[in-house]
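A.B. asks: Before we start, here is the structure in question, set down as structure tokens.
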Amino acid sequence: MSELRYTANTQLQQLHARYTGTGHADMNKYEWLTHQHRDTYASIIGHSSLLSYTAISDGESTARVKFELTERMLQPCGPPPEKEDD
């Protein structure tokens, strides 16, 4: 049984090493949402067809949409919440 637990833990560590946005036990809601928004913006910027679709729907040029999405990646969910001192 312990061997199965070790294998599952190793696979989870490899998953976190490969995909940084997969989260961890100490991740809060704000961090998770920030990762989701950044991944979405990066996907739109990286796929030219999605970028063109977004540009056409907004009535903007693709360069302008790319610039705006890149700017939004800095703080996609607004400023971070204040941390509580325990």
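Chain labels run A, B, ... following the order of the structure tokens; each chain numbers its residues from 1, and ligands are numbered from 1 in the order shown.
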Excluding region 64-72 of chain A and its own-chain neighbours fewer than 2 positions away, which residues fall within 9 Å of it when counting only C-alpha atoms? Please give them as a PDB file with N, CA, C and O atoms, in the first residue's frame.
C.D. replies:
ATOM      1  N   ARG A  38      -4.578  33.929 -16.587  1.00  0.00           N
ATOM      2  CA  ARG A  38      -3.326  34.048 -17.346  1.00  0.00           C
ATOM      3  C   ARG A  38      -3.196  32.950 -18.382  1.00  0.00           C
ATOM      4  O   ARG A  38      -2.736  33.201 -19.500  1.00  0.00           O
ATOM      5  N   TYR A  41      -5.527  33.909 -21.286  1.00  0.00           N
ATOM      6  CA  TYR A  41      -4.963  34.997 -22.100  1.00  0.00           C
ATOM      7  C   TYR A  41      -3.784  34.505 -22.934  1.00  0.00           C
ATOM      8  O   TYR A  41      -3.658  34.856 -24.111  1.00  0.00           O
ATOM      9  N   ALA A  42      -2.920  33.684 -22.337  1.00  0.00           N
ATOM     10  CA  ALA A  42      -1.776  33.157 -23.073  1.00  0.00           C
ATOM     11  C   ALA A  42      -2.229  32.255 -24.224  1.00  0.00           C
ATOM     12  O   ALA A  42      -1.632  32.278 -25.302  1.00  0.00           O
ATOM     13  N   ILE A  44      -5.112  32.513 -25.885  1.00  0.00           N
ATOM     14  CA  ILE A  44      -5.676  33.375 -26.935  1.00  0.00           C
ATOM     15  C   ILE A  44      -4.561  34.042 -27.725  1.00  0.00           C
ATOM     16  O   ILE A  44      -4.613  34.113 -28.961  1.00  0.00           O
ATOM     17  N   ILE A  45      -3.526  34.523 -27.038  1.00  0.00           N
ATOM     18  CA  ILE A  45      -2.416  35.175 -27.719  1.00  0.00           C
ATOM     19  C   ILE A  45      -1.647  34.165 -28.574  1.00  0.00           C
ATOM     20  O   ILE A  45      -1.215  34.474 -29.678  1.00  0.00           O
ATOM     21  N   LEU A  51      -7.049  34.651 -31.533  1.00  0.00           N
ATOM     22  CA  LEU A  51      -6.717  36.069 -31.483  1.00  0.00           C
ATOM     23  C   LEU A  51      -7.493  36.830 -32.560  1.00  0.00           C
ATOM     24  O   LEU A  51      -8.050  37.903 -32.289  1.00  0.00           O
ATOM     25  N   SER A  52      -7.586  36.277 -33.752  1.00  0.00           N
ATOM     26  CA  SER A  52      -8.339  36.920 -34.834  1.00  0.00           C
ATOM     27  C   SER A  52      -9.824  36.986 -34.496  1.00  0.00           C
ATOM     28  O   SER A  52     -10.472  38.011 -34.724  1.00  0.00           O
ATOM     29  N   THR A  54     -11.200  37.068 -31.502  1.00  0.00           N
ATOM     30  CA  THR A  54     -11.377  38.072 -30.454  1.00  0.00           C
ATOM     31  C   THR A  54     -11.256  39.479 -31.030  1.00  0.00           C
ATOM     32  O   THR A  54     -12.027  40.381 -30.673  1.00  0.00           O
ATOM     33  N   ALA A  55     -10.309  39.680 -31.939  1.00  0.00           N
ATOM     34  CA  ALA A  55     -10.122  40.994 -32.538  1.00  0.00           C
ATOM     35  C   ALA A  55     -11.329  41.397 -33.375  1.00  0.00           C
ATOM     36  O   ALA A  55     -11.795  42.540 -33.305  1.00  0.00           O
ATOM     37  N   ASP A  58     -14.305  42.246 -31.116  1.00  0.00           N
ATOM     38  CA  ASP A  58     -14.134  43.526 -30.417  1.00  0.00           C
ATOM     39  C   ASP A  58     -14.035  44.711 -31.381  1.00  0.00           C
ATOM     40  O   ASP A  58     -14.092  45.862 -30.949  1.00  0.00           O
ATOM     41  N   GLU A  60     -11.331  45.488 -33.109  1.00  0.00           N
ATOM     42  CA  GLU A  60      -9.980  46.026 -32.934  1.00  0.00           C
ATOM     43  C   GLU A  60      -9.012  45.273 -33.833  1.00  0.00           C
ATOM     44  O   GLU A  60      -9.347  44.234 -34.394  1.00  0.00           O
ATOM     45  N   SER A  61      -7.804  45.796 -33.952  1.00  0.00           N
ATOM     46  CA  SER A  61      -6.771  45.079 -34.693  1.00  0.00           C
ATOM     47  C   SER A  61      -6.196  43.972 -33.812  1.00  0.00           C
ATOM     48  O   SER A  61      -6.299  44.015 -32.583  1.00  0.00           O
ATOM     49  N   THR A  62      -5.594  42.975 -34.458  1.00  0.00           N
ATOM     50  CA  THR A  62      -5.027  41.870 -33.684  1.00  0.00           C
ATOM     51  C   THR A  62      -3.883  42.346 -32.798  1.00  0.00           C
ATOM     52  O   THR A  62      -3.723  41.848 -31.681  1.00  0.00           O
ATOM     53  N   LEU A  74      -0.864  41.108 -16.205  1.00  0.00           N
ATOM     54  CA  LEU A  74      -0.148  41.579 -15.017  1.00  0.00           C
ATOM     55  C   LEU A  74      -0.963  41.348 -13.753  1.00  0.00           C
ATOM     56  O   LEU A  74      -0.470  40.803 -12.773  1.00  0.00           O
ATOM     57  N   GLN A  75      -2.201  41.804 -13.744  1.00  0.00           N
ATOM     58  CA  GLN A  75      -3.113  41.570 -12.622  1.00  0.00           C
ATOM     59  C   GLN A  75      -4.489  41.242 -13.188  1.00  0.00           C
ATOM     60  O   GLN A  75      -5.374  42.090 -13.224  1.00  0.00           O
ATOM     61  N   PRO A  76      -4.686  39.994 -13.629  1.00  0.00           N
ATOM     62  CA  PRO A  76      -5.932  39.645 -14.303  1.00  0.00           C
ATOM     63  C   PRO A  76      -7.165  39.690 -13.400  1.00  0.00           C
ATOM     64  O   PRO A  76      -8.265  39.868 -13.884  1.00  0.00           O
ATOM     65  N   CYS A  77      -6.989  39.545 -12.102  1.00  0.00           N
ATOM     66  CA  CYS A  77      -8.131  39.526 -11.176  1.00  0.00           C
ATOM     67  C   CYS A  77      -8.089  40.706 -10.215  1.00  0.00           C
ATOM     68  O   CYS A  77      -8.667  40.647  -9.130  1.00  0.00           O
TER      69      CYS A  77
END
A.B. asks: For CA of Gln36 (chain A) and CA of Ala17 (chain A), quote the distance in Å rounded to one decimal.
C.D. replies: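 One can read the CA of Gln36 (chain A) to CA of Ala17 (chain A) distance as 17.1 Å.
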A.B. asks: Excluding Leu33 (chain A) and its own-chain neighbours fewer than 2 positions away, which residues fall within 12 Å of it when counting only C-alpha atoms? Please give them as number ranges by chain.
C.D. replies: A: 21-23, 27-31, 35-40, 73, 75-78, 80
A.B. asks: Taking all heavy atoms for each residue, export the selection above as a short mmCIF file (atom, residue, chain, number, x, y, z; two decimals), in the first residue's frame.
C.D. replies:
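Result went into result11.cif, see below:
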data_model
loop_
_atom_site.label_atom_id
_atom_site.label_comp_id
_atom_site.auth_asym_id
_atom_site.auth_seq_id
_atom_site.Cartn_x
_atom_site.Cartn_y
_atom_site.Cartn_z
N GLY A 21 0.64 25.78 -13.18
CA GLY A 21 -0.66 26.30 -12.79
C GLY A 21 -1.62 25.27 -12.22
O GLY A 21 -2.79 25.56 -12.02
N THR A 22 -1.14 24.05 -11.95
CA THR A 22 -2.04 23.02 -11.46
C THR A 22 -2.40 23.18 -9.99
O THR A 22 -3.30 22.53 -9.50
CB THR A 22 -1.45 21.62 -11.68
OG1 THR A 22 -0.15 21.58 -11.11
CG2 THR A 22 -1.41 21.29 -13.14
N GLY A 23 -1.69 24.01 -9.29
CA GLY A 23 -2.05 24.30 -7.90
C GLY A 23 -1.38 23.39 -6.90
O GLY A 23 -0.67 22.46 -7.24
N MET A 27 -2.76 26.75 -2.02
CA MET A 27 -3.20 27.76 -2.98
C MET A 27 -4.58 28.27 -2.60
O MET A 27 -5.48 27.50 -2.29
CB MET A 27 -3.23 27.16 -4.38
CG MET A 27 -3.66 28.14 -5.46
SD MET A 27 -3.56 27.42 -7.09
CE MET A 27 -1.88 27.78 -7.49
N ASN A 28 -4.74 29.59 -2.62
CA ASN A 28 -6.05 30.16 -2.30
C ASN A 28 -6.82 30.45 -3.59
O ASN A 28 -6.32 30.25 -4.70
CB ASN A 28 -5.92 31.41 -1.43
CG ASN A 28 -5.13 32.51 -2.10
OD1 ASN A 28 -5.01 32.56 -3.30
ND2 ASN A 28 -4.57 33.40 -1.30
N LYS A 29 -8.04 30.91 -3.43
CA LYS A 29 -8.93 31.14 -4.58
C LYS A 29 -8.36 32.20 -5.52
O LYS A 29 -8.42 32.05 -6.75
CB LYS A 29 -10.30 31.57 -4.07
CG LYS A 29 -11.32 31.80 -5.15
CD LYS A 29 -12.65 32.18 -4.56
CE LYS A 29 -13.68 32.45 -5.63
NZ LYS A 29 -14.96 32.84 -5.07
N TYR A 30 -7.80 33.27 -4.97
CA TYR A 30 -7.25 34.34 -5.80
C TYR A 30 -6.12 33.83 -6.69
O TYR A 30 -6.08 34.13 -7.88
CB TYR A 30 -6.76 35.49 -4.92
CG TYR A 30 -6.08 36.57 -5.70
CD1 TYR A 30 -6.83 37.51 -6.40
CD2 TYR A 30 -4.69 36.64 -5.78
CE1 TYR A 30 -6.20 38.50 -7.15
CE2 TYR A 30 -4.07 37.61 -6.52
CZ TYR A 30 -4.83 38.54 -7.20
OH TYR A 30 -4.21 39.52 -7.94
N GLU A 31 -5.20 33.06 -6.12
CA GLU A 31 -4.09 32.53 -6.91
C GLU A 31 -4.58 31.60 -8.01
O GLU A 31 -4.09 31.63 -9.13
CB GLU A 31 -3.11 31.78 -6.00
CG GLU A 31 -2.35 32.67 -5.05
CD GLU A 31 -1.51 31.88 -4.07
OE1 GLU A 31 -1.66 30.64 -4.01
OE2 GLU A 31 -0.71 32.50 -3.36
N HIS A 35 -4.12 32.20 -12.08
CA HIS A 35 -3.52 31.23 -13.00
C HIS A 35 -4.47 30.91 -14.15
O HIS A 35 -4.04 30.82 -15.31
CB HIS A 35 -3.17 29.94 -12.27
CG HIS A 35 -1.94 30.02 -11.44
ND1 HIS A 35 -0.69 30.25 -11.95
CD2 HIS A 35 -1.76 29.89 -10.10
CE1 HIS A 35 0.19 30.27 -11.00
NE2 HIS A 35 -0.43 30.06 -9.85
N GLN A 36 -5.74 30.74 -13.86
CA GLN A 36 -6.71 30.42 -14.91
C GLN A 36 -6.81 31.55 -15.93
O GLN A 36 -6.82 31.31 -17.14
CB GLN A 36 -8.08 30.13 -14.30
CG GLN A 36 -8.14 28.90 -13.46
CD GLN A 36 -7.81 27.65 -14.25
OE1 GLN A 36 -8.30 27.46 -15.35
NE2 GLN A 36 -6.97 26.81 -13.70
N HIS A 37 -6.90 32.78 -15.45
CA HIS A 37 -7.00 33.92 -16.37
C HIS A 37 -5.74 34.06 -17.21
O HIS A 37 -5.81 34.29 -18.42
CB HIS A 37 -7.26 35.21 -15.59
CG HIS A 37 -8.68 35.39 -15.18
ND1 HIS A 37 -9.22 34.77 -14.08
CD2 HIS A 37 -9.68 36.11 -15.73
CE1 HIS A 37 -10.49 35.11 -13.96
NE2 HIS A 37 -10.79 35.92 -14.97
N ARG A 38 -4.58 33.93 -16.59
CA ARG A 38 -3.33 34.05 -17.35
C ARG A 38 -3.20 32.95 -18.38
O ARG A 38 -2.74 33.20 -19.50
CB ARG A 38 -2.13 34.04 -16.40
CG ARG A 38 -1.98 35.34 -15.67
CD ARG A 38 -0.73 35.37 -14.83
NE ARG A 38 -0.63 36.65 -14.15
CZ ARG A 38 -0.07 36.81 -12.97
NH1 ARG A 38 0.45 35.79 -12.33
NH2 ARG A 38 -0.02 38.01 -12.43
N ASP A 39 -3.58 31.73 -18.04
CA ASP A 39 -3.54 30.64 -19.00
C ASP A 39 -4.47 30.90 -20.18
O ASP A 39 -4.13 30.64 -21.33
CB ASP A 39 -3.91 29.32 -18.34
CG ASP A 39 -2.83 28.79 -17.41
OD1 ASP A 39 -1.70 29.30 -17.47
OD2 ASP A 39 -3.12 27.87 -16.63
N THR A 40 -5.65 31.44 -19.89
CA THR A 40 -6.61 31.75 -20.95
C THR A 40 -6.06 32.84 -21.87
O THR A 40 -6.11 32.71 -23.10
CB THR A 40 -7.95 32.20 -20.35
OG1 THR A 40 -8.46 31.16 -19.53
CG2 THR A 40 -8.96 32.52 -21.45
N MET A 73 -2.55 40.51 -18.28
CA MET A 73 -1.89 39.40 -17.61
C MET A 73 -1.13 39.83 -16.36
O MET A 73 -0.81 39.00 -15.51
CB MET A 73 -0.93 38.69 -18.58
CG MET A 73 -1.64 37.87 -19.62
SD MET A 73 -0.54 37.15 -20.83
CE MET A 73 0.11 35.79 -19.90
N GLN A 75 -2.20 41.80 -13.74
CA GLN A 75 -3.11 41.57 -12.62
C GLN A 75 -4.49 41.24 -13.19
O GLN A 75 -5.37 42.09 -13.22
CB GLN A 75 -3.20 42.80 -11.72
CG GLN A 75 -2.01 43.00 -10.84
CD GLN A 75 -2.23 44.10 -9.82
OE1 GLN A 75 -3.07 44.98 -9.99
NE2 GLN A 75 -1.45 44.05 -8.76
N PRO A 76 -4.69 39.99 -13.63
CA PRO A 76 -5.93 39.65 -14.30
C PRO A 76 -7.16 39.69 -13.40
O PRO A 76 -8.27 39.87 -13.88
CB PRO A 76 -5.69 38.23 -14.81
CG PRO A 76 -4.60 37.70 -13.98
CD PRO A 76 -3.77 38.87 -13.57
N CYS A 77 -6.99 39.55 -12.10
CA CYS A 77 -8.13 39.53 -11.18
C CYS A 77 -8.09 40.71 -10.21
O CYS A 77 -8.67 40.65 -9.13
CB CYS A 77 -8.14 38.22 -10.38
SG CYS A 77 -8.32 36.77 -11.41
N GLY A 78 -7.41 41.76 -10.59
CA GLY A 78 -7.30 42.92 -9.72
C GLY A 78 -6.17 42.75 -8.71
O GLY A 78 -5.43 41.77 -8.73
N PRO A 80 -4.13 41.85 -5.38
CA PRO A 80 -4.30 40.70 -4.48
C PRO A 80 -4.94 41.10 -3.16
O PRO A 80 -4.78 42.24 -2.71
CB PRO A 80 -2.87 40.21 -4.26
CG PRO A 80 -1.99 41.34 -4.62
CD PRO A 80 -2.73 42.16 -5.62
#
A.B. asks: From chain A, collect each residue whose DSSP state is alpha helix (DSSP H) and return the set as an NGL selection string.
C.D. replies: :A and (2-18 or 29-46 or 48-58 or 62-72)
